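Here is data_2.cif, consisting of mmCIF, C-alpha atoms and all ligand atoms:
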data_work
loop_
_atom_site.label_atom_id
_atom_site.label_comp_id
_atom_site.auth_asym_id
_atom_site.auth_seq_id
_atom_site.Cartn_x
_atom_site.Cartn_y
_atom_site.Cartn_z
CA MET A 28 16.39 -16.97 8.81
CA LYS A 29 13.96 -14.12 9.51
CA LEU A 30 14.64 -12.74 6.02
CA VAL A 31 13.96 -16.11 4.37
CA TYR A 32 10.74 -16.49 6.35
CA ALA A 33 9.73 -12.93 5.41
CA ILE A 34 10.43 -13.55 1.71
CA PHE A 35 8.31 -16.69 1.67
CA TYR A 36 5.47 -14.95 3.46
CA GLU A 37 5.04 -12.39 0.66
CA PRO A 38 2.25 -13.33 -1.82
CA GLU A 39 4.52 -12.50 -4.77
CA SER A 40 6.94 -15.23 -3.62
CA ILE A 41 4.16 -17.81 -3.37
CA SER A 42 3.00 -16.76 -6.81
CA ALA A 43 6.56 -17.06 -8.22
CA ILE A 44 6.99 -20.53 -6.68
CA PHE A 45 3.68 -21.68 -8.19
CA LEU A 46 4.67 -20.38 -11.63
CA LEU A 47 8.17 -21.87 -11.48
CA ALA A 48 6.84 -25.22 -10.25
CA ASN A 49 4.47 -25.38 -13.23
CA LEU A 50 7.13 -24.35 -15.77
CA THR A 51 9.59 -26.86 -14.32
CA SER A 52 7.07 -29.72 -14.31
CA VAL A 53 6.12 -28.98 -17.93
CA ALA A 54 9.79 -28.91 -18.98
CA LEU A 55 10.62 -32.11 -17.07
CA PHE A 56 7.55 -33.92 -18.35
CA SER A 57 8.34 -33.02 -21.97
CA LEU A 58 11.98 -34.03 -21.52
CA ILE A 59 11.16 -37.40 -19.97
CA SER A 60 8.29 -38.35 -22.28
CA GLY A 61 10.00 -36.87 -25.34
CA ALA A 62 6.79 -35.22 -26.50
CA TRP A 63 4.21 -32.74 -25.34
CA PRO A 64 1.15 -34.82 -24.35
CA LEU A 65 -1.56 -32.14 -24.44
CA SER A 66 -3.55 -30.95 -27.43
CA PHE A 67 -3.39 -27.29 -28.48
CA VAL A 68 -6.72 -26.54 -26.76
CA SER A 69 -5.71 -28.29 -23.50
CA THR A 70 -2.34 -26.46 -23.54
CA THR A 71 -4.09 -23.11 -23.97
CA VAL A 72 -6.54 -23.86 -21.13
CA TYR A 73 -3.65 -25.00 -18.90
CA ALA A 74 -1.59 -21.87 -19.69
CA ILE A 75 -4.56 -19.57 -18.97
CA LEU A 76 -5.27 -21.38 -15.69
CA VAL A 77 -1.64 -21.14 -14.56
CA TYR A 78 -1.61 -17.43 -15.48
CA LEU A 79 -4.84 -16.68 -13.59
CA ILE A 80 -3.80 -18.62 -10.48
CA THR A 81 -0.35 -16.95 -10.53
CA ARG A 82 -1.99 -13.50 -10.74
CA ARG A 83 -4.47 -14.34 -7.96
CA LEU A 84 -1.74 -15.60 -5.63
CA ALA A 85 0.31 -12.41 -6.16
CA ILE A 86 -2.57 -10.21 -5.01
CA GLY A 87 -2.59 -11.70 -1.50
CA HIS A 88 -5.07 -10.37 1.04
CA GLN A 89 -7.31 -7.50 0.09
CA TYR A 90 -8.79 -4.92 2.39
CA ILE A 91 -12.11 -3.55 1.22
CA SER A 92 -13.33 -0.84 3.55
CA ASN A 93 -16.94 0.26 3.69
CA LYS A 94 -16.16 3.14 6.06
CA ASN A 95 -17.78 6.44 5.35
CA LEU A 96 -15.09 9.13 5.69
CA THR A 97 -17.36 12.15 5.34
CA GLY A 98 -16.03 14.97 7.52
CA LYS A 99 -12.51 13.44 7.69
CA THR A 100 -9.41 15.00 6.18
CA VAL A 101 -6.78 12.70 4.69
CA ILE A 102 -3.35 13.84 3.49
CA VAL A 103 -1.52 11.68 0.95
CA THR A 104 2.01 12.59 -0.12
CA GLY A 105 3.27 11.51 -3.54
CA ALA A 106 -0.27 11.13 -4.85
CA ALA A 107 0.61 12.12 -8.42
CA THR A 108 1.19 8.52 -9.44
CA GLY A 109 1.27 4.92 -8.28
CA ILE A 110 0.13 3.63 -4.91
CA GLY A 111 -0.42 7.13 -3.48
CA ARG A 112 -2.74 8.12 -6.32
CA ALA A 113 -4.74 4.88 -5.96
CA ALA A 114 -5.05 5.39 -2.19
CA ALA A 115 -6.07 9.06 -2.59
CA LEU A 116 -8.78 8.04 -5.06
CA ASP A 117 -10.12 5.44 -2.64
CA PHE A 118 -10.24 7.96 0.24
CA ALA A 119 -12.04 10.48 -1.99
CA LYS A 120 -14.59 7.84 -3.05
CA SER A 121 -15.23 7.12 0.66
CA GLY A 122 -16.22 10.76 1.20
CA ALA A 123 -13.06 12.18 2.80
CA ARG A 124 -11.62 15.58 1.97
CA VAL A 125 -8.28 14.55 0.51
CA ILE A 126 -5.26 16.84 0.43
CA ILE A 127 -2.66 15.61 -2.00
CA GLY A 128 0.98 16.69 -1.81
CA VAL A 129 2.45 16.78 -5.30
CA ARG A 130 5.51 18.49 -6.77
CA GLY A 131 4.39 21.72 -8.52
CA GLN A 132 1.25 23.70 -7.63
CA GLU A 133 -0.25 23.57 -11.14
CA ARG A 134 0.37 19.83 -11.39
CA ALA A 135 -1.10 19.27 -7.91
CA GLU A 136 -4.28 21.14 -8.90
CA ARG A 137 -4.56 19.28 -12.19
CA ILE A 138 -4.22 15.87 -10.49
CA ALA A 139 -6.71 16.93 -7.79
CA GLN A 140 -9.21 17.80 -10.57
CA ASP A 141 -8.67 14.39 -12.20
CA LEU A 142 -9.19 12.60 -8.88
CA MET A 143 -12.37 14.58 -8.16
CA HIS A 144 -13.69 13.57 -11.56
CA GLU A 145 -12.72 9.90 -11.13
CA SER A 146 -14.23 9.76 -7.63
CA ASN A 147 -17.57 11.16 -8.82
CA ASN A 148 -17.18 14.61 -7.29
CA GLY A 149 -15.20 13.71 -4.21
CA THR A 150 -13.29 16.56 -2.55
CA VAL A 151 -9.61 16.67 -3.44
CA VAL A 152 -7.30 19.62 -2.86
CA GLY A 153 -3.84 19.73 -4.44
CA TYR A 154 -0.91 21.57 -2.86
CA ASP A 155 2.69 21.81 -3.95
CA LEU A 156 4.90 19.55 -1.85
CA ASP A 157 8.55 18.77 -2.45
CA LEU A 158 9.81 16.49 0.29
CA SER A 159 13.41 17.18 -0.65
CA SER A 160 13.08 20.77 0.61
CA LEU A 161 12.42 21.55 4.27
CA ALA A 162 11.25 25.09 3.42
CA ASN A 163 8.75 23.72 0.90
CA ILE A 164 7.46 21.21 3.46
CA LYS A 165 6.90 24.04 5.95
CA ALA A 166 4.92 26.01 3.35
CA PHE A 167 2.76 22.92 2.69
CA ALA A 168 2.15 22.24 6.40
CA ASP A 169 1.13 25.88 6.96
CA LYS A 170 -1.83 25.36 4.60
CA VAL A 171 -3.18 22.38 6.57
CA ASP A 172 -5.92 23.05 9.12
CA ARG A 173 -6.95 19.52 10.05
CA VAL A 174 -5.70 15.93 9.59
CA ASP A 175 -7.43 12.67 10.47
CA ILE A 176 -5.14 10.43 8.45
CA LEU A 177 -1.65 11.31 7.23
CA VAL A 178 -0.24 8.95 4.62
CA ASN A 179 3.52 9.43 4.23
CA ASN A 180 3.66 7.65 0.88
CA ALA A 181 5.99 9.59 -1.47
CA GLY A 182 9.22 7.83 -2.29
CA THR A 183 12.14 7.99 -4.64
CA ILE A 184 15.05 5.83 -5.72
CA VAL A 185 18.20 7.51 -7.04
CA SER A 186 21.11 5.69 -8.59
CA SER A 187 24.05 7.90 -7.58
CA TYR A 188 24.97 9.94 -4.53
CA THR A 189 23.02 13.22 -4.61
CA VAL A 190 21.70 15.47 -1.87
CA THR A 191 18.44 17.30 -1.19
CA THR A 192 18.15 21.11 -1.21
CA ASP A 193 19.22 20.96 2.44
CA GLY A 194 22.29 18.82 1.78
CA ILE A 195 20.93 15.48 3.06
CA GLU A 196 21.48 12.24 1.10
CA ALA A 197 18.60 12.23 -1.43
CA GLN A 198 16.76 9.01 -0.56
CA PHE A 199 17.12 9.42 3.20
CA GLY A 200 16.26 13.12 2.92
CA THR A 201 13.17 12.66 0.75
CA ASN A 202 11.70 9.32 1.83
CA TYR A 203 12.36 9.73 5.53
CA VAL A 204 13.55 13.15 6.77
CA GLY A 205 10.99 15.00 4.63
CA HIS A 206 8.16 12.93 6.08
CA PHE A 207 9.61 13.18 9.58
CA TYR A 208 9.60 17.00 9.31
CA LEU A 209 6.11 17.10 7.80
CA THR A 210 4.78 14.89 10.61
CA LYS A 211 6.53 17.05 13.20
CA LEU A 212 4.98 20.23 11.81
CA LEU A 213 1.54 18.62 11.76
CA LEU A 214 1.84 17.14 15.28
CA PRO A 215 -0.69 19.55 16.87
CA HIS A 216 -3.32 18.12 14.47
CA LEU A 217 -2.25 14.50 14.84
CA MET A 218 -2.92 13.47 18.44
CA GLN A 219 -6.21 11.70 17.58
CA SER A 220 -5.19 10.81 14.03
CA ARG A 221 -3.50 7.97 12.22
CA VAL A 222 -0.10 8.27 10.57
CA VAL A 223 0.76 5.71 7.90
CA ASN A 224 4.36 5.37 6.70
CA VAL A 225 4.73 3.54 3.41
CA SER A 226 8.02 1.77 4.00
CA SER A 227 9.31 -1.27 2.11
CA PHE A 228 10.60 -4.81 2.34
CA GLY A 229 13.81 -3.08 1.19
CA HIS A 230 14.47 -2.20 4.84
CA TYR A 231 15.87 -5.72 5.19
CA PHE A 232 18.83 -4.76 3.00
CA VAL A 233 20.55 -2.60 5.61
CA PRO A 234 23.69 -4.17 7.14
CA SER A 235 23.41 -4.98 10.84
CA ASN A 236 25.62 -2.02 11.84
CA GLY A 237 22.61 0.19 11.00
CA ILE A 238 22.71 3.80 9.82
CA ASP A 239 25.87 5.88 9.56
CA PHE A 240 24.46 9.37 9.88
CA THR A 241 27.55 10.90 8.25
CA PHE A 242 26.79 8.88 5.08
CA ALA A 243 30.56 8.61 4.56
CA THR A 244 30.45 5.07 3.13
CA LEU A 245 27.61 5.88 0.75
CA LYS A 246 29.41 9.03 -0.42
CA ASN A 247 32.41 6.95 -1.44
CA SER A 248 30.63 4.00 -2.99
CA TYR A 249 26.94 4.53 -3.48
CA SER A 250 24.51 1.64 -3.33
CA ARG A 251 20.98 2.75 -4.13
CA VAL A 252 19.58 -0.43 -2.56
CA HIS A 253 21.45 0.27 0.66
CA ALA A 254 20.43 3.95 0.70
CA TYR A 255 16.80 3.08 -0.11
CA GLY A 256 16.83 0.42 2.63
CA ILE A 257 18.13 2.93 5.18
CA SER A 258 15.37 5.42 4.35
CA LYS A 259 12.72 2.70 4.65
CA LEU A 260 14.16 1.33 7.91
CA ALA A 261 14.05 4.83 9.38
CA GLN A 262 10.37 5.12 8.36
CA ILE A 263 9.57 1.97 10.38
CA TRP A 264 11.42 3.40 13.39
CA HIS A 265 9.62 6.71 12.92
CA ALA A 266 6.19 5.07 13.14
CA SER A 267 7.11 3.03 16.21
CA GLU A 268 8.59 6.10 17.93
CA LEU A 269 5.52 8.23 17.14
CA THR A 270 3.39 5.67 18.97
CA ARG A 271 5.86 5.23 21.84
CA ARG A 272 6.48 8.95 22.39
CA TYR A 273 3.03 10.44 21.78
CA GLY A 274 0.60 7.52 21.76
CA ILE A 275 -0.25 8.45 18.17
CA LYS A 276 -1.65 5.61 16.08
CA ALA A 277 1.25 5.30 13.64
CA TYR A 278 1.84 2.38 11.31
CA SER A 279 4.49 1.31 8.84
CA LEU A 280 4.00 -1.04 5.92
CA HIS A 281 5.33 -2.78 2.86
CA PRO A 282 2.83 -2.40 -0.02
CA GLY A 283 4.07 -5.46 -1.92
CA GLY A 284 5.78 -5.56 -5.30
CA VAL A 285 3.86 -3.16 -7.52
CA SER A 286 5.16 -2.92 -11.07
CA ASP A 287 2.88 -0.34 -12.75
CA THR A 288 4.22 2.62 -10.74
CA HIS A 289 6.80 5.24 -11.65
CA ILE A 290 9.40 4.46 -8.99
CA HIS A 291 11.02 1.66 -10.98
CA GLN A 292 11.45 3.92 -14.01
CA ARG A 293 14.26 5.62 -12.14
CA ASN A 294 16.07 2.28 -11.87
CA ARG A 295 18.79 1.11 -14.22
CA LEU A 296 17.65 -0.42 -17.54
CA LEU A 297 18.39 -4.01 -16.46
CA ASP A 298 16.34 -3.61 -13.27
CA ARG A 299 13.48 -2.09 -15.26
CA ILE A 300 13.50 -5.04 -17.67
CA LEU A 301 13.57 -7.51 -14.77
CA PHE A 302 10.67 -5.70 -13.14
CA GLN A 303 8.64 -5.78 -16.35
CA CYS A 304 9.28 -9.55 -16.59
CA GLY A 305 8.03 -9.85 -13.02
CA MET A 306 4.70 -8.15 -13.88
CA VAL A 307 2.89 -11.48 -13.76
CA ILE A 308 3.86 -11.98 -10.10
CA SER A 309 3.30 -8.38 -8.98
CA LYS A 310 0.37 -6.27 -7.86
CA THR A 311 -1.47 -3.48 -9.67
CA VAL A 312 -1.55 -0.05 -7.96
CA GLN A 313 -5.10 -0.70 -6.72
CA GLN A 314 -3.95 -3.96 -5.13
CA GLY A 315 -0.74 -2.29 -3.93
CA CYS A 316 -2.62 0.34 -1.91
CA MET A 317 -4.56 -2.28 0.10
CA THR A 318 -2.15 -2.39 3.06
CA THR A 319 -2.08 1.43 3.12
CA LEU A 320 -5.90 1.45 3.38
CA PHE A 321 -5.74 -1.34 5.97
CA CYS A 322 -3.35 0.69 8.17
CA ALA A 323 -5.33 3.90 7.66
CA LEU A 324 -8.76 2.42 8.41
CA SER A 325 -8.83 -1.06 9.89
CA ASP A 326 -9.20 -1.82 13.60
CA ASP A 327 -6.97 -4.86 13.05
CA ALA A 328 -3.92 -2.71 12.20
CA ARG A 329 -1.56 -2.35 15.19
CA PRO A 330 -0.16 1.07 16.13
CA GLY A 331 3.65 1.24 16.23
CA HIS A 332 3.94 -1.95 14.17
CA TYR A 333 4.95 -2.95 10.65
CA HIS A 334 2.42 -4.46 8.24
CA SER A 335 2.46 -6.33 4.98
CA ASN A 336 -0.22 -8.12 2.96
CA CYS A 337 -2.92 -6.46 5.15
CA CYS A 338 -1.56 -8.11 8.33
CA VAL A 339 0.78 -7.19 11.17
CA ARG A 340 4.26 -8.54 10.41
CA GLU A 341 7.62 -8.73 12.18
CA PRO A 342 10.13 -6.50 10.37
CA SER A 343 13.92 -7.10 10.41
CA ASN A 344 15.75 -7.42 13.75
CA LEU A 345 17.25 -3.98 13.16
CA ALA A 346 13.78 -2.48 12.68
CA CYS A 347 12.72 -3.96 16.05
CA ASP A 348 15.68 -2.31 17.85
CA GLN A 349 14.09 0.37 20.05
CA ARG A 350 17.41 1.84 21.14
CA ARG A 351 18.36 2.53 17.52
CA ALA A 352 14.86 3.83 16.77
CA LYS A 353 15.28 6.35 19.58
CA GLU A 354 18.78 7.28 18.39
CA CYS A 355 17.53 7.76 14.82
CA TRP A 356 14.77 10.08 16.07
CA GLU A 357 17.25 12.20 18.04
CA LYS A 358 19.75 12.40 15.15
CA THR A 359 16.96 13.43 12.79
CA GLU A 360 15.85 16.17 15.19
CA GLU A 361 19.47 17.44 15.20
CA LEU A 362 19.74 17.21 11.42
CA ILE A 363 16.59 19.29 10.97
CA ALA A 364 17.41 21.77 13.76
CA ALA A 365 20.77 22.49 12.07
CA ARG A 366 18.93 23.49 8.90
CA VAL A 367 15.75 25.26 9.93
CA GLN A 368 14.49 27.50 12.70
CA VAL A 369 11.95 25.20 14.37
N1 LIG B 1 6.21 -0.14 -6.19
C1 LIG B 1 6.73 -1.01 -5.35
O1 LIG B 1 6.96 -2.19 -5.71
C2 LIG B 1 7.05 -0.59 -3.95
C3 LIG B 1 7.56 -1.56 -3.07
C4 LIG B 1 7.85 -1.17 -1.76
C5 LIG B 1 7.62 0.13 -1.35
N2 LIG B 1 7.14 1.06 -2.23
C6 LIG B 1 6.94 2.43 -1.74
O2 LIG B 1 5.66 2.86 -2.10
C7 LIG B 1 5.63 4.29 -2.17
C8 LIG B 1 4.93 4.73 -3.44
O3 LIG B 1 5.73 4.34 -4.54
P1 LIG B 1 5.13 3.90 -5.94
O4 LIG B 1 5.60 2.52 -6.19
O5 LIG B 1 3.70 4.22 -6.04
O6 LIG B 1 6.00 4.81 -6.94
P2 LIG B 1 5.67 6.17 -7.72
O7 LIG B 1 4.59 5.94 -8.72
O8 LIG B 1 6.97 6.66 -8.24
O9 LIG B 1 5.12 7.12 -6.58
C9 LIG B 1 5.99 7.84 -5.76
C10 LIG B 1 5.49 9.23 -5.65
O10 LIG B 1 6.40 9.95 -4.79
C11 LIG B 1 6.57 11.23 -5.35
N3 LIG B 1 7.84 11.87 -4.99
C12 LIG B 1 9.09 11.49 -5.33
N4 LIG B 1 9.98 12.40 -4.87
C13 LIG B 1 9.26 13.36 -4.26
C14 LIG B 1 9.58 14.58 -3.62
N5 LIG B 1 10.84 15.02 -3.52
N6 LIG B 1 8.58 15.34 -3.12
C15 LIG B 1 7.29 14.95 -3.21
N7 LIG B 1 6.92 13.83 -3.83
C16 LIG B 1 7.89 13.05 -4.35
C17 LIG B 1 6.52 11.02 -6.85
O11 LIG B 1 6.18 12.26 -7.46
P3 LIG B 1 6.76 12.74 -8.90
O12 LIG B 1 5.77 12.22 -9.89
O13 LIG B 1 6.80 14.22 -8.77
O14 LIG B 1 8.12 12.13 -9.04
C18 LIG B 1 5.45 9.95 -6.99
O15 LIG B 1 4.18 10.50 -7.18
C19 LIG B 1 7.07 4.74 -2.07
O16 LIG B 1 7.34 5.20 -0.78
C20 LIG B 1 7.86 3.47 -2.34
O17 LIG B 1 9.12 3.48 -1.72
C21 LIG B 1 6.86 0.72 -3.52
#
Would you give me this structure, written as structure tokens?
Amino acid sequence: MKLVYAIFYEPESISAIFLLANLTSVALFSLISGAWPLSFVSTTVYAILVYLITRRLAIGHQYISNKNLTGKTVIVTGAATGIGRAAALDFAKSGARVIIGVRGQERAERIAQDLMHESNNGTVVGYDLDLSSLANIKAFADKVDRVDILVNNAGTIVSSYTVTTDGIEAQFGTNYVGHFYLTKLLLPHLMQSRVVNVSSFGHYFVPSNGIDFTFATLKNSYSRVHAYGISKLAQIWHASELTRRYGIKAYSLHPGGVSDTHIHQRNRLLDRILFQCGMVISKTVQQGCMTTLFCALSDDARPGHYHSNCCVREPSNLACDQRRAKECWEKTEELIAARVQV
């Protein structure tokens, strides 16, 4: 029931219902009356109107901040493309010094240059960051001297069972453990800061038995949706535990369905085609970074909670389970301790 309610809350669902209702009425009307009653001009106007309303509904709430971030340092992971890049640009335009974590030092510097140019001489620094390597994360964290907002945005979807450099399942290791370790290393800078975890609605697709930390089932029959969901569920727990344990203002969020990003290009062909068809009911990257900006900057965002469509939302029952959140934290600490000298 909670899942159904959550689906129908999302602006993309409202937009899809509106579009389908219009298509169905047109089809039924034509079938019953045996002819299409509108002239060519009226049909064109109607089609344009339906398109524009569908697009508007998909956008949902927007958060436009007028905060001046001069003197603040914002870190955005995965800022090479998509939602992370759009958010980094917005922070730079607001006057913050933005540190972007991007795979490859040369690429990070090049993207930082582009963002500085696009933000009219904002300050953007690019450092190499590969969240699938704990050693690389440590090297990145060592370069950071100050953080006011940490946006744990990078994310990946892989279609078969693979592991990170440290032998952890790739989606869990990159999307969650990598960010967990980065946040841990930056903790001394974070006590007065905000931490924003870009999670996903996909966290709903984890069976109620939760996370098997041995990943035995996934090793035998890999489901990328299941593995992605696990990594995103753990990110919600991570934010709530950061607030509970340290009083840090930490937030998790679903950015909405954003089709013009790179993450879907790693999907299977059929999924990519479906996603392209869904463009009309999805957000652009600028619209998709709104809830990230809301969590990073708004006084209405609630620490320790999950957000979607620029509002506080209830996540799945599993995501609300504090005992499991605590267990996940402890298991992650063990996982990391077994691989690095902390
Ligand atoms: N788009 C959606 O509909 C949607 C929905 C729900 C949640 N999200 C979440 O939103 C976040 C941003 O995704 P997006 O849609 O903007 O996709 P995207 O364009 O693919 O952005 C993801 C970024 O993460 C980076 N990344 C991947 N693996 C990495 C690693 N090992 N180390 C460092 N960076 C890495 C990618 O860098 P490279 O260019 O080097 O690969 C990329 O820049 C993700 O966490 C995703 O799960 C997206």
**Request:** Identify, counting only C-alpha atoms and all ligand atoms, the protein, DNA and RNA residues located within 6 Å of ligand LIG 1 (chain B), and give them as a ChimeraX atom specification.
**Result:** /A:105-111,129-130,156-159,180-183,201,225-227,281-286,288-290
Show me as a PDB file with C-alpha atoms, in the coordinates of the input the residues that reach within 8 Å of (-3.6, -8.9, -1.8), counting all atoms listed in the file and using the file's own coordinates.
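Output (result.pdb):
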ATOM      1  CA  PRO A  38       2.250 -13.330  -1.820  1.00  0.00           C
ATOM      2  CA  LEU A  84      -1.740 -15.600  -5.630  1.00  0.00           C
ATOM      3  CA  ALA A  85       0.310 -12.410  -6.160  1.00  0.00           C
ATOM      4  CA  ILE A  86      -2.570 -10.210  -5.010  1.00  0.00           C
ATOM      5  CA  GLY A  87      -2.590 -11.700  -1.500  1.00  0.00           C
ATOM      6  CA  HIS A  88      -5.070 -10.370   1.040  1.00  0.00           C
ATOM      7  CA  GLN A  89      -7.310  -7.500   0.090  1.00  0.00           C
ATOM      8  CA  TYR A  90      -8.790  -4.920   2.390  1.00  0.00           C
ATOM      9  CA  LYS A 310       0.370  -6.270  -7.860  1.00  0.00           C
ATOM     10  CA  GLN A 314      -3.950  -3.960  -5.130  1.00  0.00           C
ATOM     11  CA  GLY A 315      -0.740  -2.290  -3.930  1.00  0.00           C
ATOM     12  CA  MET A 317      -4.560  -2.280   0.100  1.00  0.00           C
ATOM     13  CA  ASN A 336      -0.220  -8.120   2.960  1.00  0.00           C
ATOM     14  CA  CYS A 337      -2.920  -6.460   5.150  1.00  0.00           C
TER      15      CYS A 337
END
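Shell of A:Thr150 at 8 Å, with all atoms listed in the file counted and residues fewer than 4 places along the chain excluded, is Ala119, Gly122, Ala123, Arg124, Val125 and Met143 of chain A.
As for atom CA of A:Val152 and atom CA of A:Gly274, they are spaced 28.5 Å apart.
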Give me, as JSON lines, each residue of stretch 124-203 of chain A that comes within 9 Å of stretch 259-267 of chain A, together with its shortest interatomic pair and the distance in Å at one decimal, counting all atoms listed in the file, with rows ordered by chain and rising residue number.
{"residue": "A:Phe199", "atom": "CA", "partner": "A:Lys259", "partner_atom": "CA", "distance": 8.2}
{"residue": "A:Asn202", "atom": "CA", "partner": "A:Lys259", "partner_atom": "CA", "distance": 7.3}
{"residue": "A:Tyr203", "atom": "CA", "partner": "A:Gln262", "partner_atom": "CA", "distance": 5.8}
Output stretch 70-89 of chain A with N, CA and C atoms present, as a compact mmCIF listing (two decimals), keeping the file's coordinate frame.
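As written to disk, rebuild_11.txt reads:
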# COMPACT_ATOMS: atom_id res chain seq x y z
N THR A 70 -3.51 -27.26 -23.90
CA THR A 70 -2.34 -26.46 -23.54
C THR A 70 -2.76 -25.02 -23.26
N THR A 71 -3.65 -24.50 -24.14
CA THR A 71 -4.09 -23.11 -23.97
C THR A 71 -4.85 -22.96 -22.65
N VAL A 72 -5.75 -23.92 -22.38
CA VAL A 72 -6.54 -23.86 -21.13
C VAL A 72 -5.60 -23.93 -19.92
N TYR A 73 -4.62 -24.83 -20.01
CA TYR A 73 -3.65 -25.00 -18.90
C TYR A 73 -2.87 -23.68 -18.70
N ALA A 74 -2.39 -23.10 -19.80
CA ALA A 74 -1.59 -21.87 -19.69
C ALA A 74 -2.42 -20.74 -19.07
N ILE A 75 -3.69 -20.63 -19.50
CA ILE A 75 -4.56 -19.57 -18.97
C ILE A 75 -4.79 -19.79 -17.47
N LEU A 76 -5.02 -21.06 -17.11
CA LEU A 76 -5.27 -21.38 -15.69
C LEU A 76 -4.06 -21.03 -14.82
N VAL A 77 -2.87 -21.43 -15.32
CA VAL A 77 -1.64 -21.14 -14.56
C VAL A 77 -1.47 -19.62 -14.42
N TYR A 78 -1.73 -18.90 -15.51
CA TYR A 78 -1.61 -17.43 -15.48
C TYR A 78 -2.57 -16.84 -14.44
N LEU A 79 -3.83 -17.27 -14.49
CA LEU A 79 -4.84 -16.68 -13.59
C LEU A 79 -4.53 -17.00 -12.12
N ILE A 80 -4.11 -18.25 -11.87
CA ILE A 80 -3.80 -18.62 -10.48
C ILE A 80 -2.56 -17.84 -10.00
N THR A 81 -1.57 -17.70 -10.89
CA THR A 81 -0.35 -16.95 -10.53
C THR A 81 -0.73 -15.52 -10.16
N ARG A 82 -1.57 -14.88 -10.98
CA ARG A 82 -1.99 -13.50 -10.74
C ARG A 82 -2.75 -13.41 -9.40
N ARG A 83 -3.65 -14.37 -9.18
CA ARG A 83 -4.47 -14.34 -7.96
C ARG A 83 -3.59 -14.48 -6.71
N LEU A 84 -2.61 -15.39 -6.79
CA LEU A 84 -1.74 -15.60 -5.63
C LEU A 84 -0.93 -14.34 -5.31
N ALA A 85 -0.52 -13.61 -6.37
CA ALA A 85 0.31 -12.41 -6.16
C ALA A 85 -0.46 -11.30 -5.44
N ILE A 86 -1.77 -11.29 -5.62
CA ILE A 86 -2.57 -10.21 -5.01
C ILE A 86 -2.54 -10.31 -3.49
N GLY A 87 -2.58 -11.51 -2.96
CA GLY A 87 -2.59 -11.70 -1.50
C GLY A 87 -3.90 -11.24 -0.90
N HIS A 88 -3.85 -10.81 0.38
CA HIS A 88 -5.07 -10.37 1.04
C HIS A 88 -5.51 -9.02 0.51
N GLN A 89 -6.81 -8.80 0.51
CA GLN A 89 -7.31 -7.50 0.09
C GLN A 89 -8.12 -6.90 1.22
